[in-house]
file coords-v4.txt (compact mmCIF, C-alpha atoms)
# COMPACT_ATOMS: atom_id res chain seq x y z
CA MET V 1400 -25.96 15.25 -1.10
CA ILE V 1401 -23.66 17.12 1.24
CA GLY V 1402 -22.68 20.23 -0.68
CA SER V 1403 -19.20 21.64 -0.90
CA THR V 1404 -19.80 24.38 1.65
CA ILE V 1405 -21.38 22.11 4.26
CA LYS V 1406 -19.42 20.82 7.26
CA ILE V 1407 -20.79 18.03 9.39
CA LYS V 1408 -19.44 16.83 12.73
CA GLY V 1409 -21.12 13.76 14.04
CA GLU V 1410 -22.67 10.51 12.89
CA ILE V 1411 -24.46 10.05 9.59
CA THR V 1412 -26.87 7.14 9.28
CA GLY V 1413 -29.77 6.43 6.96
CA ASP V 1414 -31.17 4.32 4.16
CA GLU V 1415 -30.25 6.01 0.92
CA ASP V 1416 -27.16 6.75 -1.13
CA LEU V 1417 -25.02 9.70 -0.16
CA VAL V 1418 -22.69 12.01 -2.08
CA ILE V 1419 -20.26 14.09 -0.04
CA GLU V 1420 -18.75 17.19 -1.58
CA GLY V 1421 -18.21 18.99 1.71
CA SER V 1422 -16.57 18.12 4.98
CA VAL V 1423 -17.57 15.30 7.32
CA GLU V 1424 -15.98 14.44 10.64
CA GLY V 1425 -17.32 11.58 12.70
CA ALA V 1426 -18.82 8.37 11.34
CA ILE V 1427 -20.82 7.38 8.27
CA ASP V 1428 -22.97 4.26 8.41
CA LEU V 1429 -25.02 3.58 5.28
CA VAL V 1430 -24.35 -0.10 5.22
CA ALA V 1431 -26.90 -1.00 2.51
CA HIS V 1432 -26.15 1.91 0.21
CA GLN V 1433 -23.51 3.75 -1.74
CA VAL V 1434 -21.33 6.50 -0.35
CA THR V 1435 -19.47 8.71 -2.81
CA VAL V 1436 -16.82 11.12 -1.58
CA GLY V 1437 -16.66 13.74 -4.32
CA GLU V 1438 -13.52 15.48 -5.51
CA THR V 1439 -14.04 18.31 -3.08
CA GLY V 1440 -15.10 16.00 -0.29
CA LYS V 1441 -13.02 15.84 2.86
CA VAL V 1442 -13.96 13.04 5.23
CA LYS V 1443 -12.38 12.36 8.57
CA ALA V 1444 -14.53 9.44 9.54
CA ASP V 1445 -14.99 5.71 9.32
CA ILE V 1446 -17.28 4.82 6.42
CA LYS V 1447 -19.49 1.75 6.22
CA ALA V 1448 -21.46 1.23 3.04
CA LYS V 1449 -22.31 -1.33 0.43
CA THR V 1450 -20.25 0.53 -2.15
CA VAL V 1451 -17.78 3.28 -1.38
CA ILE V 1452 -16.41 5.50 -4.14
CA VAL V 1453 -13.62 7.90 -3.19
CA ASN V 1454 -12.82 10.82 -5.47
CA GLY V 1455 -11.65 13.12 -2.66
CA ASN V 1456 -9.90 12.83 0.69
CA VAL V 1457 -10.64 10.29 3.38
CA ILE V 1458 -8.90 9.80 6.68
CA GLY V 1459 -10.51 6.83 8.33
CA ASP V 1460 -11.40 3.20 7.89
CA ILE V 1461 -13.67 2.06 5.08
CA THR V 1462 -15.84 -1.03 5.08
CA GLY V 1463 -17.33 -1.74 1.68
CA GLY V 1464 -19.83 -4.59 1.77
CA GLU V 1465 -19.53 -5.15 -1.97
CA LYS V 1466 -16.73 -2.97 -3.24
CA VAL V 1467 -14.54 0.06 -2.79
CA ILE V 1468 -13.36 2.23 -5.67
CA ILE V 1469 -10.61 4.81 -5.33
CA SER V 1470 -10.51 7.07 -8.35
CA LYS V 1471 -7.46 8.88 -9.70
CA SER V 1472 -8.21 11.93 -7.57
CA GLY V 1473 -8.80 9.89 -4.43
CA ASN V 1474 -6.56 10.06 -1.39
CA ILE V 1475 -7.09 7.65 1.47
CA ASN V 1476 -5.24 7.21 4.73
CA GLY V 1477 -6.87 4.35 6.56
CA ASN V 1478 -7.77 0.69 6.46
CA ILE V 1479 -10.14 -0.87 3.96
CA VAL V 1480 -12.13 -4.06 4.35
CA THR V 1481 -13.97 -5.20 1.25
CA PRO V 1482 -14.34 -8.22 -0.99
CA ARG V 1483 -13.44 -6.19 -4.07
CA MET V 1484 -11.39 -3.11 -4.61
CA THR V 1485 -10.35 -0.99 -7.55
CA LEU V 1486 -7.71 1.70 -7.42
CA GLU V 1487 -7.19 3.99 -10.41
CA ASP V 1488 -3.88 5.31 -11.65
CA GLY V 1489 -2.99 8.46 -9.71
CA ALA V 1490 -4.86 7.51 -6.55
CA VAL V 1491 -2.99 7.82 -3.28
CA PHE V 1492 -3.42 5.22 -0.58
CA LYS V 1493 -1.77 4.49 2.73
CA GLY V 1494 -3.02 1.81 5.07
CA SER V 1495 -4.15 -1.77 4.80
CA ILE V 1496 -6.56 -3.51 2.47
CA ASP V 1497 -8.34 -6.63 3.61
CA MET V 1498 -9.74 -8.46 0.58
CA ASP V 1499 -11.56 -11.73 0.18
CA PRO V 1500 -12.92 -12.13 -3.36
CA GLY V 1501 -14.99 -15.10 -2.30
CA GLU V 1502 -17.00 -13.27 0.31
CA THR V 1503 -19.52 -10.43 0.29
CA LEU V 1504 -19.59 -8.61 3.60
CA SER V 1505 -23.04 -7.07 3.16
CA LYS V 1506 -25.94 -9.31 3.99
CA GLN V 1507 -28.50 -6.66 3.10
CA ASP V 1508 -29.86 -6.34 -0.42
CA THR V 1509 -31.64 -3.23 -1.61
CA SER V 1510 -34.31 -3.36 -4.26
CA GLY V 1511 -33.08 -0.11 -5.73
CA LYS V 1512 -31.79 3.32 -4.91
CA GLN V 1513 -33.98 5.59 -2.91
CA LYS V 1514 -33.66 9.09 -4.24
CA ASN V 1515 -35.59 10.90 -1.61
CA LYS V 1516 -34.81 14.38 -0.53
CA LEU V 1517 -32.26 14.80 2.18
CA THR V 1518 -33.88 15.86 5.41
CA GLY V 1519 -32.01 16.65 8.55
CA SER V 1520 -32.69 15.99 12.17
CA GLY V 1521 -30.67 16.77 15.24
CA LYS V 1522 -28.73 19.84 16.09
CA PHE V 1523 -27.17 22.03 13.52
CA GLU V 1524 -25.99 25.56 13.18
CA LEU V 1525 -25.20 27.84 10.29
CA THR V 1526 -22.04 29.87 10.10
CA ASP V 1527 -21.01 32.62 7.74
CA THR V 1528 -18.22 30.63 6.20
CA GLY V 1529 -20.14 27.43 5.83
CA ARG V 1530 -22.87 25.31 7.29
CA GLU V 1531 -22.09 23.05 10.20
CA VAL V 1532 -24.39 20.21 11.13
CA THR V 1533 -24.10 17.48 13.71
CA ASN V 1534 -25.58 14.03 14.03
CA LEU V 1535 -27.34 14.01 10.71
CA ASP V 1536 -29.83 11.25 10.12
CA ILE V 1537 -30.75 10.78 6.49
CA LYS V 1538 -34.35 9.69 6.24
CA ASN V 1539 -36.77 8.93 3.42
CA GLY V 1540 -38.98 11.74 2.07
CA MET R 19 19.13 -18.99 -17.88
CA ASN R 20 17.88 -20.60 -14.71
CA ASN R 21 18.55 -19.01 -11.34
CA GLN R 22 20.47 -21.11 -8.90
CA ASP R 23 21.33 -20.07 -5.31
CA GLY R 24 22.79 -16.61 -5.68
CA GLN R 25 23.78 -16.94 -9.31
CA ILE R 26 22.89 -14.08 -11.61
CA SER R 27 20.98 -14.41 -14.85
CA VAL R 28 19.93 -11.71 -17.31
CA ASP R 29 16.26 -10.89 -17.63
CA CYS R 30 14.24 -10.53 -20.81
CA PRO R 31 13.44 -7.11 -22.32
CA PRO R 32 10.01 -5.62 -21.49
CA SER R 33 7.17 -6.04 -23.93
CA THR R 34 4.84 -3.23 -24.92
CA SER R 35 1.21 -3.44 -23.91
CA GLU R 36 -1.80 -1.26 -24.69
CA SER R 37 -1.99 0.05 -21.12
CA SER R 38 0.01 2.92 -19.65
CA PHE R 39 2.79 0.59 -18.59
CA GLU R 40 4.90 -2.15 -20.06
CA THR R 41 5.25 -5.62 -18.65
CA GLN R 42 8.38 -7.56 -17.95
CA PRO R 43 8.77 -11.23 -17.08
CA SER R 44 10.05 -12.02 -13.59
CA ARG R 45 11.33 -15.42 -12.67
CA LEU R 46 11.62 -14.44 -9.04
CA LEU R 47 8.07 -13.18 -8.65
CA GLN R 48 6.66 -16.68 -9.18
CA SER R 49 8.71 -17.96 -6.26
CA LEU R 50 7.13 -15.47 -3.91
CA PHE R 51 3.69 -16.95 -4.44
CA GLU R 52 4.59 -20.58 -4.12
CA ASN R 53 3.04 -22.55 -1.25
CA ILE R 54 0.29 -20.05 -0.60
CA GLN R 55 -2.21 -21.67 1.71
CA ALA R 56 -5.76 -21.01 0.56
CA GLU R 57 -7.14 -21.38 4.06
CA LYS R 58 -5.01 -18.54 5.37
CA PRO R 59 -5.08 -14.98 4.04
CA LEU R 60 -1.84 -13.85 2.44
CA VAL R 61 -0.32 -10.98 4.41
CA VAL R 62 1.81 -8.63 2.35
CA LEU R 63 3.75 -5.47 3.11
CA ASN R 64 4.20 -3.16 0.14
CA ILE R 65 6.80 -0.49 0.89
CA GLY R 66 5.96 1.67 -2.06
CA ALA R 67 3.14 3.44 -3.83
CA ALA R 68 -0.18 1.72 -4.35
CA LEU R 69 -0.34 0.85 -8.05
CA PRO R 70 -3.61 -0.21 -9.70
CA GLU R 71 -2.21 -3.32 -11.27
CA THR R 72 -0.70 -4.49 -7.99
CA ILE R 73 -4.00 -4.01 -6.20
CA ASN R 74 -5.79 -5.82 -9.03
CA PHE R 75 -3.38 -8.70 -8.74
CA PHE R 76 -3.83 -9.14 -5.01
CA ALA R 77 -7.59 -8.78 -5.37
CA ASN R 78 -7.52 -12.33 -6.72
CA TYR R 79 -6.21 -13.60 -3.42
CA ARG R 80 -7.68 -13.74 0.02
CA CYS R 81 -5.18 -11.29 1.45
CA LYS R 82 -4.35 -8.40 3.69
CA LEU R 83 -2.19 -5.86 1.96
CA PHE R 84 -0.36 -3.21 3.96
CA ILE R 85 0.75 -0.29 1.81
CA THR R 86 3.04 2.55 2.81
CA ASP R 87 5.11 4.59 0.42
CA LEU R 88 7.93 5.04 2.93
CA LEU R 89 10.05 7.17 0.61
CA ALA R 90 7.18 9.64 0.21
CA GLU R 91 7.58 10.41 3.92
CA PHE R 92 11.23 11.40 3.52
CA PRO R 93 13.23 13.19 4.65
CA LEU R 94 12.61 11.93 8.17
CA SER R 95 12.76 14.50 10.92
CA ALA R 96 14.58 12.04 13.13
CA TYR R 97 17.66 11.85 10.96
CA SER R 98 20.64 13.00 12.99
CA PRO R 99 23.99 11.97 11.61
CA ARG R 100 26.01 13.51 14.44
CA ASP R 101 24.65 11.25 17.16
CA GLU R 102 24.64 7.80 15.61
CA SER R 103 23.19 5.70 18.39
CA GLU R 104 20.45 8.15 19.29
CA SER R 105 19.49 8.64 15.65
CA ARG R 106 19.03 4.90 15.20
CA ILE R 107 16.64 4.65 18.11
CA THR R 108 14.70 7.70 17.00
CA LEU R 109 14.68 6.55 13.37
CA ARG R 110 13.23 3.23 14.44
CA ASP R 111 10.40 4.94 16.25
CA GLU R 112 9.70 7.22 13.33
CA ILE R 113 9.72 4.42 10.77
CA ALA R 114 7.55 2.29 13.07
CA ASP R 115 5.12 5.18 13.28
CA ILE R 116 5.06 5.62 9.50
CA LEU R 117 4.49 1.93 8.82
CA SER R 118 1.98 1.59 11.70
CA ILE R 119 2.05 -2.18 11.64
CA PRO R 120 -0.39 -3.54 14.22
CA ASP R 121 0.94 -5.86 16.89
CA GLY R 122 0.66 -9.49 15.96
CA VAL R 123 0.77 -8.98 12.21
CA VAL R 124 3.32 -11.18 10.46
CA PHE R 125 4.07 -10.82 6.78
CA ASP R 126 4.30 -13.62 4.26
CA ILE R 127 5.84 -11.30 1.69
CA VAL R 128 7.59 -7.93 1.93
CA PHE R 129 8.03 -5.85 -1.20
CA PHE R 130 10.81 -3.30 -0.71
CA TRP R 131 10.78 -2.40 -4.42
CA ASP R 132 13.70 0.02 -4.88
CA SER R 133 13.55 1.68 -1.48
CA PRO R 134 16.90 0.18 -0.36
CA ASN R 135 18.58 2.43 -2.97
CA TYR R 136 17.28 5.54 -1.21
CA LEU R 137 17.03 4.70 2.47
CA GLY R 138 20.66 4.80 3.48
CA GLU R 139 22.33 2.59 6.07
CA ASP R 140 20.78 4.06 9.21
CA ASN R 141 17.25 3.91 7.83
CA ILE R 142 17.69 0.36 6.53
CA SER R 143 18.91 -0.76 9.95
CA ALA R 144 15.98 0.96 11.62
CA LEU R 145 13.55 -0.57 9.13
CA MET R 146 14.89 -4.05 9.84
CA GLN R 147 14.42 -3.52 13.57
CA VAL R 148 10.82 -2.54 12.94
CA LEU R 149 10.14 -5.49 10.62
CA LYS R 150 11.84 -8.25 12.60
CA PRO R 151 8.92 -9.02 14.94
CA HIS R 152 6.60 -9.11 11.93
CA LEU R 153 8.32 -11.92 10.05
CA HIS R 154 7.90 -15.68 10.29
CA GLY R 155 9.99 -18.64 9.23
CA LYS R 156 8.68 -18.65 5.67
CA SER R 157 8.55 -14.94 5.07
CA LYS R 158 10.02 -13.80 1.79
CA ALA R 159 11.04 -10.44 0.44
CA HIS R 160 11.61 -8.90 -2.94
CA CYS R 161 13.54 -5.80 -3.93
CA PHE R 162 15.48 -4.05 -6.64
CA VAL R 163 18.96 -2.83 -5.82
CA ALA R 164 21.68 -1.14 -7.79
CA ARG R 165 24.33 -3.50 -9.05
CA SER R 166 26.97 -1.15 -7.68
CA PRO R 167 27.11 2.31 -6.07
CA GLU R 168 27.98 3.67 -9.52
CA THR R 169 24.79 2.39 -11.09
CA PRO R 170 22.70 5.35 -12.35
CA GLU R 171 19.37 6.04 -10.68
CA GLY R 172 16.56 3.99 -12.15
CA GLN R 173 13.99 5.85 -14.26
CA ILE R 174 11.27 3.29 -13.74
CA ILE R 175 9.11 1.81 -11.04
CA HIS R 176 7.54 -1.61 -10.92
CA GLY R 177 4.23 -3.12 -10.00
CA ILE R 178 2.78 -6.60 -10.33
CA GLN R 179 0.85 -7.60 -13.41
CA ASP R 180 0.58 -11.29 -12.53
CA ALA R 181 2.57 -13.92 -10.69
CA GLY R 182 5.14 -14.06 -13.46
CA HIS R 183 5.22 -10.49 -14.73
CA LEU R 184 6.13 -7.10 -13.38
CA THR R 185 4.79 -3.87 -14.75
CA VAL R 186 7.20 -1.14 -15.75
CA ARG R 187 6.28 2.53 -15.48
CA ARG R 188 8.23 5.73 -15.96
CA ARG R 189 8.82 7.52 -12.69
CA SER R 190 6.74 10.66 -12.30
CA ARG R 191 8.76 11.80 -9.32
CA PHE R 192 12.09 10.87 -7.79
CA PRO R 193 12.61 10.17 -4.08
CA PRO R 194 15.33 12.25 -2.41
CA ASN R 195 18.87 11.06 -1.84
CA TYR R 196 19.67 8.25 -4.24
CA GLN R 197 22.35 6.40 -2.29
CA PRO R 198 22.84 2.85 -3.54
CA LEU R 199 24.95 0.56 -1.41
CA PRO R 200 27.32 -2.22 -2.43
CA GLN R 201 25.31 -5.42 -2.58
CA SER R 202 27.29 -7.11 0.17
CA ARG R 203 26.82 -4.14 2.51
CA LEU R 204 23.11 -3.96 1.75
CA LEU R 205 22.61 -7.66 2.42
CA SER R 206 24.43 -7.32 5.72
CA LEU R 207 22.03 -4.53 6.70
CA LEU R 208 18.94 -6.55 5.71
CA LYS R 209 19.70 -8.65 8.75
CA SER R 210 16.52 -10.64 8.93
CA PHE R 211 16.90 -11.83 5.36
CA THR R 212 19.32 -13.83 3.31
CA LEU R 213 19.72 -13.81 -0.44
CA ASP R 214 17.93 -16.63 -2.20
CA ARG R 215 18.27 -15.66 -5.85
CA SER R 216 19.02 -12.64 -7.97
CA VAL R 217 18.49 -11.52 -11.55
CA LEU R 218 20.48 -8.83 -13.34
CA MET R 219 18.21 -6.40 -15.16
CA ARG R 220 18.83 -4.38 -18.28
CA ASP R 221 19.29 -1.13 -16.38
CA GLN R 222 22.03 -2.69 -14.22
CA ARG R 223 19.78 -3.17 -11.24
CA LEU R 224 19.44 -6.48 -9.49
CA GLU R 225 16.11 -8.08 -8.72
CA LEU R 226 16.51 -9.94 -5.45
CA LEU R 227 14.50 -12.68 -3.81
CA LEU R 228 15.17 -12.90 -0.08
CA THR R 229 14.17 -15.40 2.57
CA VAL R 230 14.19 -15.12 6.33
CA VAL R 231 17.35 -16.25 8.08
CA LYS R 232 16.98 -19.24 10.38
CA SER R 233 17.84 -17.39 13.59
CA ASP R 234 15.00 -14.90 12.94
CA ARG R 235 12.41 -17.55 12.27
CA ARG R 236 9.44 -17.43 14.63
CA VAL R 237 8.11 -20.79 15.84

call {"tool": "encode", "arguments": {"input": "coords-v4.txt", "output": "structure tokens"}}
result
Amino acid sequence: MIGSTIKIKGEITGDEDLVIEGSVEGAIDLVAHQVTVGETGKVKADIKAKTVIVNGNVIGDITGGEKVIISKSGNINGNIVTPRMTLEDGAVFKGSIDMDPGETLSKQDTSGKQKNKLTGSGKFELTDTGREVTNLDIKNG
Amino acid sequence: MNNQDGQISVDCPPSTSESSFETQPSRLLQSLFENIQAEKPLVVLNIGAALPETINFFANYRCKLFITDLLAEFPLSAYSPRDESESRITLRDEIADILSIPDGVVFDIVFFWDSPNYLGEDNISALMQVLKPHLHGKSKAHCFVARSPETPEGQIIHGIQDAGHLTVRRRSRFPPNYQPLPQSRLLSLLKSFTLDRSVLMRDQRLELLLTVVKSDRRV
């Protein structure tokens, strides 16, 4: 999980689910997993995941291999490609939605969620007002 | 009553449902979805807020849905009533920027909803300039317009429940500058479209089904 005080600039890749409550700028590629942008999450990045759930703010394109869900607190400005999409009452969306209910974009199946601890690699620095990290690679254990 | 080329018929009252909105039959909505080709994705422009039921409806189709709540971007900074010709050019650029329609995209259906009652003449003209290259010979459009300039501002907004029913919700916020136009003036401004059919609604608004005029039809 990316906590509410954490700011990341760079690319996030890996093979587990991710919850974002902080700030991410760059790109997020977790194509076989679930990405959740929490209510306090602010993402300025393209997101690729099997399932994308947006409860916060996203500026960028979203590719959901199975589905994309925008909750009532979600705010998206970007383009979405997904076979299935749900938007809750109160959600704000501007952009395009490319849907094909007969097709699943993801060709990768996972046997289950991997709940390993988040470890970081690559450069990062801590600031007084928040933590900034770059090029975070989410790995198992 | 059946709709025939420009003739007006009165719609049915909305029915209550268990959800947060009511539903209302729409004879014109069905016409929009006729002749959809399954092998081609349906391309739709929704000039209005993204509503859950509308998204749910289009999720049943292979489609590309472009959504921009144009009125939420108002007032436009480009508006300049003193210099008419310059304001039109600038308005066009600003509206084009807001809609951000990629080159090459052509729409099968355009939903204006009730935006024509708020845009004003200059903005409608600018919008038509922006949309013209994105229409084809079978493009259709749908909108709600005031029956006359004296018609009170509508308290509701619509979405799509299914191909024959609209949803009806109470407005939570009102766009600025309600400025309905006489129907004839509005239709003259919607230059790329011609009126196909219309239905008079209970709140004295007209539901319009529009088709592309022949001279604007792309080959």

call {"tool": "residues_around", "arguments": {"input": "coords-v4.txt", "residues": "Pro120 (chain R)", "least_positions_apart": "4", "cutoff": "10 Å", "atoms": "all atoms listed in the file", "output": "PyMOL selection string"}}
result
chain R and resi 114+124+152

call {"tool": "interface_residues", "arguments": {"input": "coords-v4.txt", "of": "chain V", "to": "chain R", "cutoff": "6 Å", "atoms": "all atoms listed in the file", "output": "VMD selection string"}}
result
chain V and resid 1486 to 1488 1493 to 1499

call {"tool": "residues_around", "arguments": {"input": "coords-v4.txt", "residues": "Phe1492 (chain V)", "least_positions_apart": "4", "cutoff": "6 Å", "atoms": "all atoms listed in the file", "output": "PyMOL selection string"}}
result
chain V and resi 1474-1476

call {"tool": "atom_distance", "arguments": {"input": "coords-v4.txt", "atom1": "CA of Asp214 (chain R)", "atom2": "CA of Asp121 (chain R)"}}
result
27.7 Å

call {"tool": "closest_residue", "arguments": {"input": "coords-v4.txt", "among": "R:Ser206, R:Gln201, R:Asn195, R:Ser166", "to": "Gln222 (chain R)", "atoms": "all atoms listed in the file"}}
result
R:Ser166

call {"tool": "atom_distance", "arguments": {"input": "coords-v4.txt", "atom1": "CA of Lys1443 (chain V)", "atom2": "CA of Gly122 (chain R)"}}
result
26.5 Å

call {"tool": "residues_around", "arguments": {"input": "coords-v4.txt", "residues": "region 1448-1456 of chain V", "least_positions_apart": "5", "cutoff": "8 Å", "atoms": "all atoms listed in the file", "output": "VMD selection string"}}
result
chain V and resid 1428 to 1442 1461 to 1475 1505

call {"tool": "axis_aligned_box", "arguments": {"input": "coords-v4.txt", "around": "region 1486-1505 of chain V", "padding_each_side": "3 Å", "output": "lines of an AutoDock Vina configuration file"}}
result
center_x = -12.4
center_y = -3.3
center_z = -3.3
size_x = 27.3
size_y = 29.6
size_z = 22.7

call {"tool": "atom_distance", "arguments": {"input": "coords-v4.txt", "atom1": "CA of Gly1489 (chain V)", "atom2": "CA of Arg191 (chain R)"}}
result
12.2 Å

call {"tool": "residues_around", "arguments": {"input": "coords-v4.txt", "residues": "Phe51 (chain R)", "least_positions_apart": "3", "cutoff": "9 Å", "atoms": "only C-alpha atoms", "output": "ChimeraX atom specification"}}
result
/R:47-48,54,127,181

call {"tool": "write_last_selection", "arguments": {"input": "coords-v4.txt", "atoms": "C-alpha atoms", "output": "short mmCIF file (atom, residue, chain, number, x, y, z; two decimals), keeping the file's coordinate frame"}}
result
data_model
loop_
_atom_site.label_atom_id
_atom_site.label_comp_id
_atom_site.auth_asym_id
_atom_site.auth_seq_id
_atom_site.Cartn_x
_atom_site.Cartn_y
_atom_site.Cartn_z
CA LEU R 47 8.07 -13.18 -8.65
CA GLN R 48 6.66 -16.68 -9.18
CA ILE R 54 0.29 -20.05 -0.60
CA ILE R 127 5.84 -11.30 1.69
CA ALA R 181 2.57 -13.92 -10.69
#

call {"tool": "closest_residue", "arguments": {"input": "coords-v4.txt", "among": "R:Glu91, R:Asp111, R:Asp126, R:Glu225", "to": "His176 (chain R)", "atoms": "all atoms listed in the file"}}
result
R:Glu225

call {"tool": "closest_residue", "arguments": {"input": "coords-v4.txt", "among": "R:Lys209, R:Arg45, R:Arg203, R:Arg188", "to": "Ala144 (chain R)", "atoms": "all atoms listed in the file"}}
result
R:Lys209
